[in-house]
$ cat my_file28.txt   # compact mmCIF, C-alpha atoms
# COMPACT_ATOMS: atom_id res chain seq x y z
CA MET A 1447 -24.56 -1.51 -16.17
CA THR A 1448 -21.35 -2.31 -14.35
CA ASP A 1449 -18.61 0.24 -13.78
CA GLY A 1450 -16.50 -1.81 -16.16
CA GLY A 1451 -19.15 -1.42 -18.86
CA ALA A 1452 -19.43 2.30 -18.26
CA GLN A 1453 -15.67 2.60 -18.48
CA ALA A 1454 -15.51 0.81 -21.82
CA LYS A 1455 -18.14 3.18 -23.19
CA THR A 1456 -16.28 6.23 -21.94
CA LEU A 1457 -12.93 5.43 -23.55
CA GLY A 1458 -14.05 6.25 -27.05
CA ALA A 1459 -15.47 9.58 -25.90
CA CYS A 1460 -12.20 10.91 -24.47
CA PRO A 1461 -11.12 14.31 -25.83
CA LYS A 1462 -7.83 13.69 -27.58
CA GLY A 1463 -4.73 15.50 -28.65
CA ASP A 1464 -3.76 19.15 -28.54
CA ALA A 1465 -6.85 21.18 -27.74
CA MET A 1466 -5.48 24.19 -29.61
CA ASP A 1467 -5.67 23.98 -33.37
CA LYS A 1468 -2.38 25.45 -34.59
CA LYS A 1469 -4.14 26.78 -37.69
CA THR A 1470 -6.69 28.89 -35.83
CA ALA A 1471 -6.55 32.65 -35.91
CA ASN A 1472 -5.80 32.71 -32.18
CA ALA A 1473 -2.82 30.35 -32.38
CA LYS A 1474 -0.15 33.01 -32.75
CA LYS A 1475 -1.65 35.18 -30.00
CA ILE A 1476 -1.94 32.21 -27.65
CA ALA A 1477 1.66 31.18 -28.29
CA GLU A 1478 2.84 34.71 -27.52
CA LEU A 1479 0.81 34.85 -24.31
CA ASN A 1480 2.07 31.48 -23.11
CA ALA A 1481 5.68 32.45 -23.84
CA LYS A 1482 5.23 35.69 -21.91
CA ALA A 1483 3.59 33.85 -18.99
CA GLU A 1484 6.46 31.36 -18.86
CA GLU A 1485 8.98 34.22 -18.72
CA LEU A 1486 7.09 35.85 -15.85
CA TYR A 1487 6.82 32.52 -14.06
CA ASP A 1488 10.58 31.91 -14.41
CA GLU A 1489 11.14 35.38 -12.92
CA ASP A 1490 8.95 34.33 -9.96
CA LYS A 1491 6.30 36.89 -10.92
CA ILE A 1492 3.47 34.44 -10.31
CA PRO A 1493 0.44 36.79 -10.13
CA GLU A 1494 1.53 38.48 -13.36
CA ALA A 1495 2.04 35.10 -15.06
CA ILE A 1496 -1.43 33.97 -13.99
CA ALA A 1497 -2.96 37.13 -15.41
CA VAL A 1498 -1.37 36.40 -18.79
CA TRP A 1499 -2.41 32.74 -18.69
CA ARG A 1500 -5.97 33.94 -18.05
CA GLU A 1501 -5.84 35.89 -21.30
CA ALA A 1502 -4.74 32.73 -23.13
CA ALA A 1503 -7.41 30.70 -21.33
CA GLU A 1504 -10.09 33.15 -22.47
CA LEU A 1505 -8.97 32.38 -26.03
CA GLY A 1506 -9.62 28.68 -25.36
CA ASP A 1507 -6.08 27.44 -24.64
CA ALA A 1508 -6.15 24.25 -22.54
CA GLU A 1509 -2.50 24.46 -21.51
CA ALA A 1510 -3.08 27.88 -19.97
CA MET A 1511 -6.16 26.57 -18.14
CA TYR A 1512 -4.12 23.70 -16.75
CA ASN A 1513 -1.35 26.05 -15.60
CA ILE A 1514 -3.87 28.27 -13.80
CA GLY A 1515 -5.24 25.17 -12.06
CA CYS A 1516 -1.73 24.26 -10.90
CA MET A 1517 -1.22 27.78 -9.56
CA CYS A 1518 -4.51 27.56 -7.66
CA GLU A 1519 -3.33 24.33 -6.07
CA ASP A 1520 -0.15 26.12 -5.03
CA GLY A 1521 -2.10 28.79 -3.19
CA TYR A 1522 -2.53 31.49 -5.85
CA ALA A 1523 -6.29 31.18 -6.22
CA GLU A 1524 -8.46 34.31 -6.34
CA ASN A 1525 -10.60 32.81 -3.57
CA LYS A 1526 -8.06 31.10 -1.29
CA PRO A 1527 -10.62 29.27 0.93
CA LYS A 1528 -11.94 27.66 -2.25
CA ALA A 1529 -8.56 27.20 -3.94
CA MET A 1530 -9.04 23.48 -4.62
CA MET A 1531 -12.48 24.05 -6.11
CA GLU A 1532 -11.08 26.74 -8.40
CA ALA A 1533 -8.17 24.46 -9.36
CA PHE A 1534 -10.57 21.64 -10.18
CA GLY A 1535 -12.68 23.95 -12.32
CA TRP A 1536 -9.69 24.88 -14.47
CA PHE A 1537 -8.46 21.27 -14.69
CA LYS A 1538 -11.89 20.09 -15.78
CA LYS A 1539 -12.13 22.75 -18.51
CA ALA A 1540 -8.69 21.84 -19.85
CA ALA A 1541 -9.44 18.13 -19.60
CA GLU A 1542 -12.58 18.50 -21.66
CA LEU A 1543 -10.47 20.20 -24.31
CA GLY A 1544 -8.15 17.20 -24.44
CA ASP A 1545 -5.16 18.25 -22.30
CA ALA A 1546 -3.66 14.97 -21.04
CA GLU A 1547 -2.09 16.36 -17.86
CA ALA A 1548 -5.33 18.13 -17.00
CA GLN A 1549 -7.22 14.87 -17.53
CA PHE A 1550 -4.91 13.22 -15.01
CA SER A 1551 -5.34 16.07 -12.52
CA THR A 1552 -9.12 15.88 -12.95
CA ALA A 1553 -9.02 12.15 -12.26
CA ASN A 1554 -6.85 12.70 -9.21
CA ALA A 1555 -9.27 15.33 -7.90
CA TYR A 1556 -12.22 12.95 -8.25
CA HIS A 1557 -10.17 10.14 -6.70
CA HIS A 1558 -9.24 12.09 -3.57
CA GLY A 1559 -12.14 14.52 -3.35
CA GLN A 1560 -9.99 17.59 -3.93
CA GLY A 1561 -12.27 20.48 -4.87
CA VAL A 1562 -15.04 18.12 -5.92
CA LYS A 1563 -17.13 15.33 -4.42
CA PRO A 1564 -15.19 12.03 -4.61
CA SER A 1565 -16.26 9.71 -7.42
CA MET A 1566 -14.25 6.68 -8.44
CA THR A 1567 -16.42 6.27 -11.54
CA GLU A 1568 -15.37 9.75 -12.70
CA ALA A 1569 -11.80 9.18 -11.55
CA VAL A 1570 -11.53 6.01 -13.63
CA LYS A 1571 -13.07 7.78 -16.64
CA TRP A 1572 -10.46 10.55 -16.59
CA TYR A 1573 -7.55 8.27 -15.68
CA ALA A 1574 -8.49 6.27 -18.77
CA CYS A 1575 -8.49 9.39 -20.93
CA ALA A 1576 -5.06 10.45 -19.70
CA ALA A 1577 -3.74 6.90 -19.94
CA GLU A 1578 -4.94 6.69 -23.52
CA GLN A 1579 -2.76 9.71 -24.27
CA GLY A 1580 0.27 8.04 -22.69
CA VAL A 1581 0.46 9.65 -19.24
CA ALA A 1582 2.45 7.03 -17.31
CA GLU A 1583 1.11 7.94 -13.87
CA ALA A 1584 -2.44 7.70 -15.19
CA GLN A 1585 -1.70 4.26 -16.65
CA PHE A 1586 -0.32 3.16 -13.31
CA ARG A 1587 -3.25 4.57 -11.31
CA LEU A 1588 -5.78 3.00 -13.66
CA GLY A 1589 -3.95 -0.30 -13.26
CA GLU A 1590 -4.36 -0.01 -9.51
CA CYS A 1591 -8.08 0.64 -9.98
CA TYR A 1592 -8.46 -2.60 -11.95
CA ASP A 1593 -6.25 -4.39 -9.42
CA ASP A 1594 -8.30 -3.21 -6.43
CA ALA A 1595 -11.75 -3.22 -8.10
CA ASP A 1596 -11.96 0.49 -7.30
CA GLY A 1597 -14.46 2.13 -9.66
CA VAL A 1598 -14.23 -0.80 -12.11
CA GLU A 1599 -14.55 -4.56 -11.92
CA HIS A 1600 -11.43 -6.46 -10.87
CA ASP A 1601 -9.39 -7.44 -13.93
CA GLU A 1602 -5.83 -8.70 -13.39
CA LYS A 1603 -5.04 -8.81 -17.11
CA LYS A 1604 -6.02 -5.19 -17.67
CA ALA A 1605 -4.15 -4.16 -14.53
CA PHE A 1606 -1.00 -5.93 -15.72
CA GLN A 1607 -1.16 -4.38 -19.18
CA LEU A 1608 -1.58 -0.90 -17.73
CA TYR A 1609 1.33 -1.46 -15.33
CA MET A 1610 3.39 -2.64 -18.29
CA ASP A 1611 2.46 0.43 -20.35
CA ALA A 1612 3.66 2.69 -17.53
CA ALA A 1613 6.71 0.54 -16.80
CA GLN A 1614 7.88 0.73 -20.39
CA GLN A 1615 7.89 4.51 -20.01
CA GLY A 1616 10.22 4.18 -17.02
CA HIS A 1617 7.67 4.49 -14.21
CA ARG A 1618 9.65 2.89 -11.36
CA LYS A 1619 6.70 1.86 -9.20
CA ALA A 1620 4.96 0.31 -12.20
CA GLN A 1621 8.15 -1.61 -12.99
CA CYS A 1622 8.08 -3.08 -9.50
CA TYR A 1623 4.40 -3.98 -9.90
CA VAL A 1624 5.16 -5.68 -13.22
CA GLY A 1625 7.81 -7.72 -11.44
CA TYR A 1626 5.32 -8.68 -8.75
CA CYS A 1627 2.76 -9.73 -11.37
CA TYR A 1628 5.34 -11.96 -13.05
CA GLN A 1629 6.45 -13.42 -9.71
CA TYR A 1630 2.96 -14.45 -8.67
CA GLY A 1631 1.28 -14.94 -12.06
CA LEU A 1632 -1.17 -12.05 -11.71
CA GLY A 1633 -2.66 -11.22 -15.10
CA VAL A 1634 0.30 -12.87 -16.84
CA ALA A 1635 2.00 -16.27 -16.84
CA GLU A 1636 4.30 -16.72 -13.84
CA ASP A 1637 7.94 -16.10 -14.72
CA GLN A 1638 10.37 -15.77 -11.82
CA GLU A 1639 13.32 -14.68 -13.96
CA GLU A 1640 11.27 -12.00 -15.69
CA ALA A 1641 10.11 -10.80 -12.26
CA VAL A 1642 13.72 -10.33 -11.17
CA GLU A 1643 14.53 -8.36 -14.32
CA TRP A 1644 11.70 -5.91 -13.68
CA TYR A 1645 12.60 -5.59 -10.01
CA LYS A 1646 16.12 -4.71 -11.11
CA LYS A 1647 14.83 -2.03 -13.49
CA SER A 1648 12.82 -0.51 -10.66
CA ALA A 1649 15.72 -0.78 -8.21
CA GLU A 1650 17.98 1.04 -10.67
CA GLN A 1651 15.67 3.99 -10.06
CA ASN A 1652 15.99 3.54 -6.29
CA TYR A 1653 12.45 2.36 -5.61
CA HIS A 1654 12.67 0.90 -2.09
CA GLN A 1655 10.13 -1.90 -2.53
CA ALA A 1656 12.03 -3.22 -5.55
CA PHE A 1657 15.16 -3.64 -3.43
CA CYS A 1658 13.11 -5.43 -0.77
CA ASN A 1659 11.48 -7.75 -3.32
CA LEU A 1660 14.87 -8.51 -4.86
CA GLY A 1661 16.12 -9.38 -1.39
CA CYS A 1662 13.29 -11.89 -1.01
CA CYS A 1663 14.14 -13.39 -4.42
CA TYR A 1664 17.78 -13.86 -3.44
CA GLU A 1665 16.83 -15.24 -0.02
CA GLU A 1666 14.40 -17.78 -1.45
CA GLY A 1667 16.16 -18.48 -4.76
CA ASN A 1668 13.27 -17.24 -6.90
CA GLY A 1669 14.45 -16.37 -10.41
CA VAL A 1670 18.05 -16.18 -9.23
CA LYS A 1671 20.50 -18.42 -7.43
CA GLU A 1672 19.92 -18.38 -3.69
CA ASP A 1673 22.37 -15.89 -2.19
CA MET A 1674 21.83 -14.74 1.40
CA GLU A 1675 24.66 -12.24 1.24
CA MET A 1676 23.04 -10.53 -1.73
CA ALA A 1677 19.64 -10.71 -0.04
CA ILE A 1678 20.99 -8.85 2.99
CA GLU A 1679 22.61 -6.28 0.72
CA MET A 1680 19.27 -5.65 -0.98
CA TYR A 1681 17.41 -5.41 2.36
CA LEU A 1682 19.97 -2.92 3.65
CA LYS A 1683 19.60 -0.83 0.50
CA ALA A 1684 15.82 -0.86 0.86
CA ALA A 1685 16.13 0.06 4.53
CA GLU A 1686 18.22 3.09 3.55
CA PHE A 1687 15.20 4.32 1.62
CA GLY A 1688 12.91 3.74 4.59
CA SER A 1689 11.34 0.37 3.75
CA SER A 1690 9.71 -0.94 6.95
CA MET A 1691 9.33 -4.34 5.28
CA ALA A 1692 13.07 -4.54 4.61
CA GLU A 1693 13.75 -3.55 8.23
CA TYR A 1694 11.44 -6.34 9.36
CA ASN A 1695 13.21 -8.81 7.08
CA LEU A 1696 16.58 -7.73 8.51
CA GLY A 1697 15.16 -8.36 11.98
CA ASN A 1698 14.38 -11.92 10.90
CA VAL A 1699 17.85 -12.27 9.39
CA TYR A 1700 19.45 -11.65 12.78
CA ALA A 1701 16.76 -13.33 14.89
CA PHE A 1702 17.18 -16.61 13.02
CA GLY A 1703 20.81 -16.28 11.97
CA LYS A 1704 20.19 -16.27 8.21
CA GLY A 1705 23.62 -15.87 6.62
CA VAL A 1706 24.87 -14.00 9.68
CA LYS A 1707 25.64 -14.79 13.30
CA LYS A 1708 22.41 -14.89 15.27
CA SER A 1709 21.96 -11.73 17.34
CA ASP A 1710 18.82 -10.90 19.32
CA LYS A 1711 20.17 -7.40 19.94
CA GLU A 1712 20.49 -6.70 16.19
CA ALA A 1713 17.11 -8.31 15.56
CA VAL A 1714 15.49 -6.01 18.11
CA LYS A 1715 17.16 -2.98 16.52
CA TRP A 1716 15.64 -3.74 13.13
CA TYR A 1717 12.23 -4.79 14.45
CA GLN A 1718 12.07 -1.55 16.42
CA ARG A 1719 12.96 0.50 13.34
CA SER A 1720 10.28 -1.26 11.33
CA VAL A 1721 7.68 -0.59 14.02
CA MET A 1722 8.64 3.08 14.26
CA ASN A 1723 8.82 3.51 10.49
CA GLY A 1724 5.75 1.75 9.18
CA GLY A 1725 3.98 -0.06 11.98
CA MET A 1726 3.96 -3.48 10.31
CA LYS A 1727 1.91 -5.91 12.36
CA GLU A 1728 4.50 -8.68 11.92
CA ALA A 1729 7.27 -6.40 13.17
CA LYS A 1730 5.16 -5.39 16.18
CA TYR A 1731 4.54 -9.04 17.02
CA ASN A 1732 8.21 -10.05 16.79
CA TYR A 1733 9.38 -6.99 18.71
CA ALA A 1734 6.76 -7.72 21.38
CA MET A 1735 7.99 -11.32 21.72
CA HIS A 1736 11.52 -10.08 22.38
CA LEU A 1737 10.22 -7.60 24.95
CA MET A 1738 8.06 -10.23 26.64
CA HIS A 1739 10.95 -12.67 27.04
CA GLY A 1740 13.82 -10.20 27.38
CA ARG A 1741 15.67 -11.37 24.29
CA GLY A 1742 18.18 -8.74 23.14
CA ILE A 1743 16.42 -6.10 25.21
CA LYS A 1744 15.34 -5.54 28.80
CA LYS A 1745 12.14 -7.44 29.59
CA ASP A 1746 9.07 -5.18 29.50
CA LYS A 1747 5.78 -7.08 29.67
CA ARG A 1748 3.66 -3.93 29.70
CA ALA A 1749 5.20 -2.68 26.45
CA ALA A 1750 4.95 -6.17 24.97
CA ALA A 1751 1.25 -6.45 25.79
CA ALA A 1752 0.59 -3.05 24.22
CA LEU A 1753 2.34 -4.11 21.00
CA PHE A 1754 0.49 -7.43 20.90
CA ILE A 1755 -2.79 -5.53 21.12
CA GLN A 1756 -1.76 -3.10 18.37
CA ALA A 1757 -0.78 -5.95 16.05
CA ALA A 1758 -3.95 -7.84 17.01
CA MET A 1759 -6.04 -4.85 15.98
CA GLN A 1760 -4.29 -5.00 12.60
CA GLY A 1761 -5.48 -8.58 12.19
CA ASP A 1762 -2.36 -10.62 13.05
CA SER A 1763 -3.63 -13.99 14.35
CA ASP A 1764 -0.49 -14.74 16.39
CA ALA A 1765 -0.74 -11.34 18.05
CA GLN A 1766 -4.44 -11.91 18.72
CA TYR A 1767 -3.54 -15.14 20.51
CA GLN A 1768 -0.87 -13.42 22.60
CA ALA A 1769 -3.18 -10.48 23.38
CA GLY A 1770 -5.78 -12.99 24.53
CA MET A 1771 -3.25 -14.70 26.80
CA CYS A 1772 -2.15 -11.35 28.26
CA TYR A 1773 -5.73 -10.48 29.18
CA LEU A 1774 -6.60 -13.96 30.46
CA GLN A 1775 -3.48 -14.17 32.64
CA GLY A 1776 -3.10 -10.48 33.50
CA VAL A 1777 0.37 -10.31 31.98
CA GLY A 1778 1.47 -6.73 31.26
CA ILE A 1779 -2.13 -5.56 31.49
CA GLN A 1780 -5.07 -5.79 33.87
CA GLU A 1781 -6.73 -9.20 33.76
CA ASP A 1782 -9.95 -9.23 31.76
CA ASP A 1783 -11.36 -12.63 30.83
CA GLU A 1784 -14.00 -11.25 28.47
CA GLU A 1785 -11.43 -9.24 26.54
CA GLY A 1786 -9.11 -12.23 26.56
CA PHE A 1787 -11.80 -14.51 25.17
CA MET A 1788 -12.67 -11.97 22.47
CA TRP A 1789 -9.09 -11.84 21.15
CA MET A 1790 -8.65 -15.59 21.45
CA MET A 1791 -11.81 -16.12 19.39
CA LYS A 1792 -10.56 -13.77 16.67
CA SER A 1793 -7.34 -15.77 16.41
CA ALA A 1794 -9.21 -19.07 16.49
CA GLU A 1795 -11.50 -17.96 13.66
CA GLN A 1796 -8.38 -17.35 11.57
CA GLY A 1797 -7.40 -20.98 12.11
CA ASP A 1798 -4.76 -20.79 14.85
CA PRO A 1799 -4.84 -24.23 16.56
CA ASP A 1800 -3.47 -22.96 19.90
CA ALA A 1801 -6.16 -20.28 19.97
CA GLN A 1802 -8.82 -22.83 19.04
CA SER A 1803 -7.70 -25.00 21.93
CA MET A 1804 -7.84 -22.01 24.29
CA VAL A 1805 -11.34 -21.12 23.08
CA GLY A 1806 -12.30 -24.69 23.92
CA LEU A 1807 -10.86 -24.21 27.42
CA CYS A 1808 -12.71 -20.91 27.86
CA TYR A 1809 -16.02 -22.57 27.00
CA ALA A 1810 -15.19 -25.54 29.22
CA GLU A 1811 -14.28 -23.44 32.27
CA GLY A 1812 -16.32 -20.30 31.64
CA TYR A 1813 -13.42 -17.91 31.19
CA GLY A 1814 -14.88 -14.73 29.72
CA VAL A 1815 -17.87 -16.60 28.33
CA GLU A 1816 -20.73 -18.73 29.61
CA LYS A 1817 -19.81 -22.39 30.03
CA ASP A 1818 -20.88 -24.53 27.10
CA ARG A 1819 -19.65 -28.11 26.97
CA GLU A 1820 -20.70 -28.69 23.34
CA LYS A 1821 -18.98 -25.58 22.06
CA ALA A 1822 -15.89 -26.46 24.07
CA LYS A 1823 -15.75 -29.88 22.45
CA ALA A 1824 -16.32 -28.45 18.97
CA TRP A 1825 -13.36 -26.07 19.33
CA TYR A 1826 -11.14 -28.78 20.79
CA VAL A 1827 -12.00 -30.95 17.78
CA ARG A 1828 -11.02 -28.17 15.36
CA ALA A 1829 -7.71 -27.70 17.17
CA ALA A 1830 -7.06 -31.44 17.38
CA GLU A 1831 -7.61 -31.82 13.64
CA GLN A 1832 -4.64 -29.48 13.23
CA GLY A 1833 -2.50 -31.56 15.55
CA SER A 1834 -2.86 -29.67 18.85
CA GLU A 1835 -1.65 -32.05 21.57
CA THR A 1836 -3.37 -29.93 24.22
CA ALA A 1837 -6.69 -30.28 22.43
CA ILE A 1838 -6.20 -34.02 21.86
CA LYS A 1839 -5.63 -34.55 25.60
CA ALA A 1840 -8.60 -32.34 26.51
CA LEU A 1841 -10.93 -34.32 24.22
CA LYS A 1842 -10.31 -37.47 26.24
CA LYS A 1843 -12.41 -35.90 29.01
CA PHE A 1844 -15.36 -35.72 26.65
CA ASN A 1845 -15.34 -39.44 25.77
$ encode --input "my_file28.txt" --output "structure tokens"
Amino acid sequence: MTDGGAQAKTLGACPKGDAMDKKTANAKKIAELNAKAEELYDEDKIPEAIAVWREAAELGDAEAMYNIGCMCEDGYAENKPKAMMEAFGWFKKAAELGDAEAQFSTANAYHHGQGVKPSMTEAVKWYACAAEQGVAEAQFRLGECYDDADGVEHDEKKAFQLYMDAAQQGHRKAQCYVGYCYQYGLGVAEDQEEAVEWYKKSAEQNYHQAFCNLGCCYEEGNGVKEDMEMAIEMYLKAAEFGSSMAEYNLGNVYAFGKGVKKSDKEAVKWYQRSVMNGGMKEAKYNYAMHLMHGRGIKKDKRAAAALFIQAAMQGDSDAQYQAGMCYLQGVGIQEDDEEGFMWMMKSAEQGDPDAQSMVGLCYAEGYGVEKDREKAKAWYVRAAEQGSETAIKALKKFN
């Protein structure tokens, strides 16, 4: 049975509603205990509050169990070295009695292995229970699980619906995700204008990625009239909230003079911020190019080579090509043909025609790899098919 099948079976078995029957004989006592515990908590008498919640928990009150779990997480466990395990135990008890917040906390514990062995199957099960009771964060997390095929089979439609459920409750990140789904037609029909509306809802709650995505919409004219001035305003707003992507986009704004006077110095400032803030591979590559050629900053080939390698390790094909060239030519780093060939091959396998041509040269001349005329020709052909003039000229030697 697939995880998706197991999940569908679990949904109907979720404990629902208020675990405490208001008509039970214990209801009045439990209410009094919880009220007393809340008073003690508000007075910052935490140990005393926990003691009272324990009395309520012994009478079967899920809310009290959940509160004890939260206190354990905050460092008030009886056995501090096993605080997370104790917290999980209380969350699980409350979850099984139908407490929605406890169901979410149980799911989160399984998701991140907090006090219990990680299990995405269990995490999904409890996220679904909490989501069914309307917990917005649970709806959002479950949507991510369907989006990423984490514990369930990939299902864009289910992911979108769960994001929408959370978004309609005001969950700002979910609102941004709904916008993204509309923009790219993920689980819903593509609708650029609807995407912008959801990005705006998210931005109104100061979610940084929403500002960045709005900036892209204004820059490219997706769902709104193209407006570079507004795009820059959105990128700047996102950057204020620490968006490394927005900082990277601002670097491009100044590097290419998009709606502003071209300025390598300003471009470098924003690329550097993006690198320091989030380590985006694209920002590392662009910053490295400015360092390598001394554009807007003092030339520093050693620093450039280091950044190329970092971005290459993150999978950027352009950076892999540049890292390969640095090693092959000994620029900013000790020459190492084998290392150079390795990075050049990685870039070539991602389809970069310049890298493919260089791989052909490496095979032809034996740079970092044993000479192989047939392999050299094959790589030159691949590069030539993409229009590489260098490869086209090199192939003439094989005819």
$ closest_atom_pairs --input "my_file28.txt" --of "region 1712-1776 of chain A" --to "region 1674-1688 of chain A" --cutoff "9 Å" --atoms "only C-alpha atoms" --output "Markdown table"
| residue | atom | partner | partner_atom | distance |
| --- | --- | --- | --- | --- |
| A:Ser1720 | CA | A:Gly1688 | CA | 8.8 |
| A:Asn1723 | CA | A:Gly1688 | CA | 7.2 |
| A:Gly1724 | CA | A:Gly1688 | CA | 8.7 |
$ residues_near_point --input "my_file28.txt" --point "(2.0, 0.5, -12.8)" --cutoff "9 Å" --atoms "only C-alpha atoms" --output "PyMOL selection string"
chain A and resi 1582-1590+1605-1613+1617-1624
$ write_last_selection --input "my_file28.txt" --atoms "C-alpha atoms" --output "mmCIF file, in the frame of the given file"
data_model
loop_
_atom_site.group_PDB
_atom_site.id
_atom_site.type_symbol
_atom_site.label_atom_id
_atom_site.label_comp_id
_atom_site.auth_asym_id
_atom_site.auth_seq_id
_atom_site.Cartn_x
_atom_site.Cartn_y
_atom_site.Cartn_z
ATOM 1 C CA ALA A 1582 2.450 7.030 -17.310
ATOM 2 C CA GLU A 1583 1.110 7.940 -13.870
ATOM 3 C CA ALA A 1584 -2.440 7.700 -15.190
ATOM 4 C CA GLN A 1585 -1.700 4.260 -16.650
ATOM 5 C CA PHE A 1586 -0.320 3.160 -13.310
ATOM 6 C CA ARG A 1587 -3.250 4.570 -11.310
ATOM 7 C CA LEU A 1588 -5.780 3.000 -13.660
ATOM 8 C CA GLY A 1589 -3.950 -0.300 -13.260
ATOM 9 C CA GLU A 1590 -4.360 -0.010 -9.510
ATOM 10 C CA ALA A 1605 -4.150 -4.160 -14.530
ATOM 11 C CA PHE A 1606 -1.000 -5.930 -15.720
ATOM 12 C CA GLN A 1607 -1.160 -4.380 -19.180
ATOM 13 C CA LEU A 1608 -1.580 -0.900 -17.730
ATOM 14 C CA TYR A 1609 1.330 -1.460 -15.330
ATOM 15 C CA MET A 1610 3.390 -2.640 -18.290
ATOM 16 C CA ASP A 1611 2.460 0.430 -20.350
ATOM 17 C CA ALA A 1612 3.660 2.690 -17.530
ATOM 18 C CA ALA A 1613 6.710 0.540 -16.800
ATOM 19 C CA HIS A 1617 7.670 4.490 -14.210
ATOM 20 C CA ARG A 1618 9.650 2.890 -11.360
ATOM 21 C CA LYS A 1619 6.700 1.860 -9.200
ATOM 22 C CA ALA A 1620 4.960 0.310 -12.200
ATOM 23 C CA GLN A 1621 8.150 -1.610 -12.990
ATOM 24 C CA CYS A 1622 8.080 -3.080 -9.500
ATOM 25 C CA TYR A 1623 4.400 -3.980 -9.900
ATOM 26 C CA VAL A 1624 5.160 -5.680 -13.220
#
$ closest_residue --input "my_file28.txt" --among "A:Phe1754, A:Trp1499, A:Tyr1813, A:Tyr1767" --to "Tyr1731 (chain A)" --atoms "all atoms listed in the file"
A:Phe1754
$ residues_around --input "my_file28.txt" --residues "Cys1772 (chain A)" --least-positions-apart "5" --cutoff "9 Å" --atoms "all atoms listed in the file" --output "ChimeraX atom specification"
/A:1751,1754,1767,1777-1782,1786
$ write_last_selection --input "my_file28.txt" --atoms "C-alpha atoms" --output "short mmCIF file (atom, residue, chain, number, x, y, z; two decimals), keeping the file's coordinate frame"
data_model
loop_
_atom_site.label_atom_id
_atom_site.label_comp_id
_atom_site.auth_asym_id
_atom_site.auth_seq_id
_atom_site.Cartn_x
_atom_site.Cartn_y
_atom_site.Cartn_z
CA ALA A 1751 1.25 -6.45 25.79
CA PHE A 1754 0.49 -7.43 20.90
CA TYR A 1767 -3.54 -15.14 20.51
CA VAL A 1777 0.37 -10.31 31.98
CA GLY A 1778 1.47 -6.73 31.26
CA ILE A 1779 -2.13 -5.56 31.49
CA GLN A 1780 -5.07 -5.79 33.87
CA GLU A 1781 -6.73 -9.20 33.76
CA ASP A 1782 -9.95 -9.23 31.76
CA GLY A 1786 -9.11 -12.23 26.56
#
$ residues_near_point --input "my_file28.txt" --point "(18.3, -10.6, 16.5)" --cutoff "12 Å" --atoms "all atoms listed in the file" --output "ChimeraX atom specification"
/A:1693-1704,1706-1718,1732-1733,1735-1736,1740-1743
$ atom_distance --input "my_file28.txt" --atom1 "CA of Ala1829 (chain A)" --atom2 "CA of Gly1770 (chain A)"
16.6 Å
$ closest_residue --input "my_file28.txt" --among "A:Leu1486, A:Cys1627, A:Ala1822, A:Met1759" --to "Tyr1809 (chain A)" --atoms "all atoms listed in the file"
A:Ala1822
$ atom_distance --input "my_file28.txt" --atom1 "CA of Ala1553 (chain A)" --atom2 "CA of Gly1597 (chain A)"
11.7 Å
$ decode --input "my_file28.txt" --residues "region 1565-1575 of chain A" --atoms "N, CA and C atoms" --output "JSON list (two decimals), in the first residue's frame"
[["chain", "number", "residue", "atom", "x", "y", "z"],
["A", 1565, "SER", "N", 9.34, 10.02, 11.59],
["A", 1565, "SER", "CA", 8.49, 9.19, 10.72],
["A", 1565, "SER", "C", 7.57, 10.10, 9.94],
["A", 1566, "MET", "N", 7.83, 10.23, 8.65],
["A", 1566, "MET", "CA", 6.98, 11.09, 7.83],
["A", 1566, "MET", "C", 5.59, 10.50, 7.65],
["A", 1567, "THR", "N", 5.49, 9.18, 7.71],
["A", 1567, "THR", "CA", 4.17, 8.55, 7.61],
["A", 1567, "THR", "C", 3.30, 8.98, 8.79],
["A", 1568, "GLU", "N", 3.89, 8.94, 10.00],
["A", 1568, "GLU", "CA", 3.16, 9.38, 11.19],
["A", 1568, "GLU", "C", 2.94, 10.89, 11.18],
["A", 1569, "ALA", "N", 3.93, 11.62, 10.70],
["A", 1569, "ALA", "CA", 3.79, 13.08, 10.63],
["A", 1569, "ALA", "C", 2.61, 13.46, 9.74],
["A", 1570, "VAL", "N", 2.55, 12.85, 8.58],
["A", 1570, "VAL", "CA", 1.45, 13.13, 7.64],
["A", 1570, "VAL", "C", 0.11, 12.78, 8.27],
["A", 1571, "LYS", "N", 0.06, 11.63, 8.95],
["A", 1571, "LYS", "CA", -1.18, 11.18, 9.60],
["A", 1571, "LYS", "C", -1.70, 12.25, 10.57],
["A", 1572, "TRP", "N", -0.81, 12.78, 11.41],
["A", 1572, "TRP", "CA", -1.24, 13.73, 12.42],
["A", 1572, "TRP", "C", -1.43, 15.14, 11.86],
["A", 1573, "TYR", "N", -0.63, 15.50, 10.84],
["A", 1573, "TYR", "CA", -0.90, 16.77, 10.16],
["A", 1573, "TYR", "C", -2.31, 16.75, 9.58],
["A", 1574, "ALA", "N", -2.67, 15.60, 8.99],
["A", 1574, "ALA", "CA", -4.00, 15.47, 8.38],
["A", 1574, "ALA", "C", -5.11, 15.61, 9.42],
["A", 1575, "CYS", "N", -4.88, 15.03, 10.60],
["A", 1575, "CYS", "CA", -5.89, 15.14, 11.65],
["A", 1575, "CYS", "C", -6.07, 16.59, 12.08]]
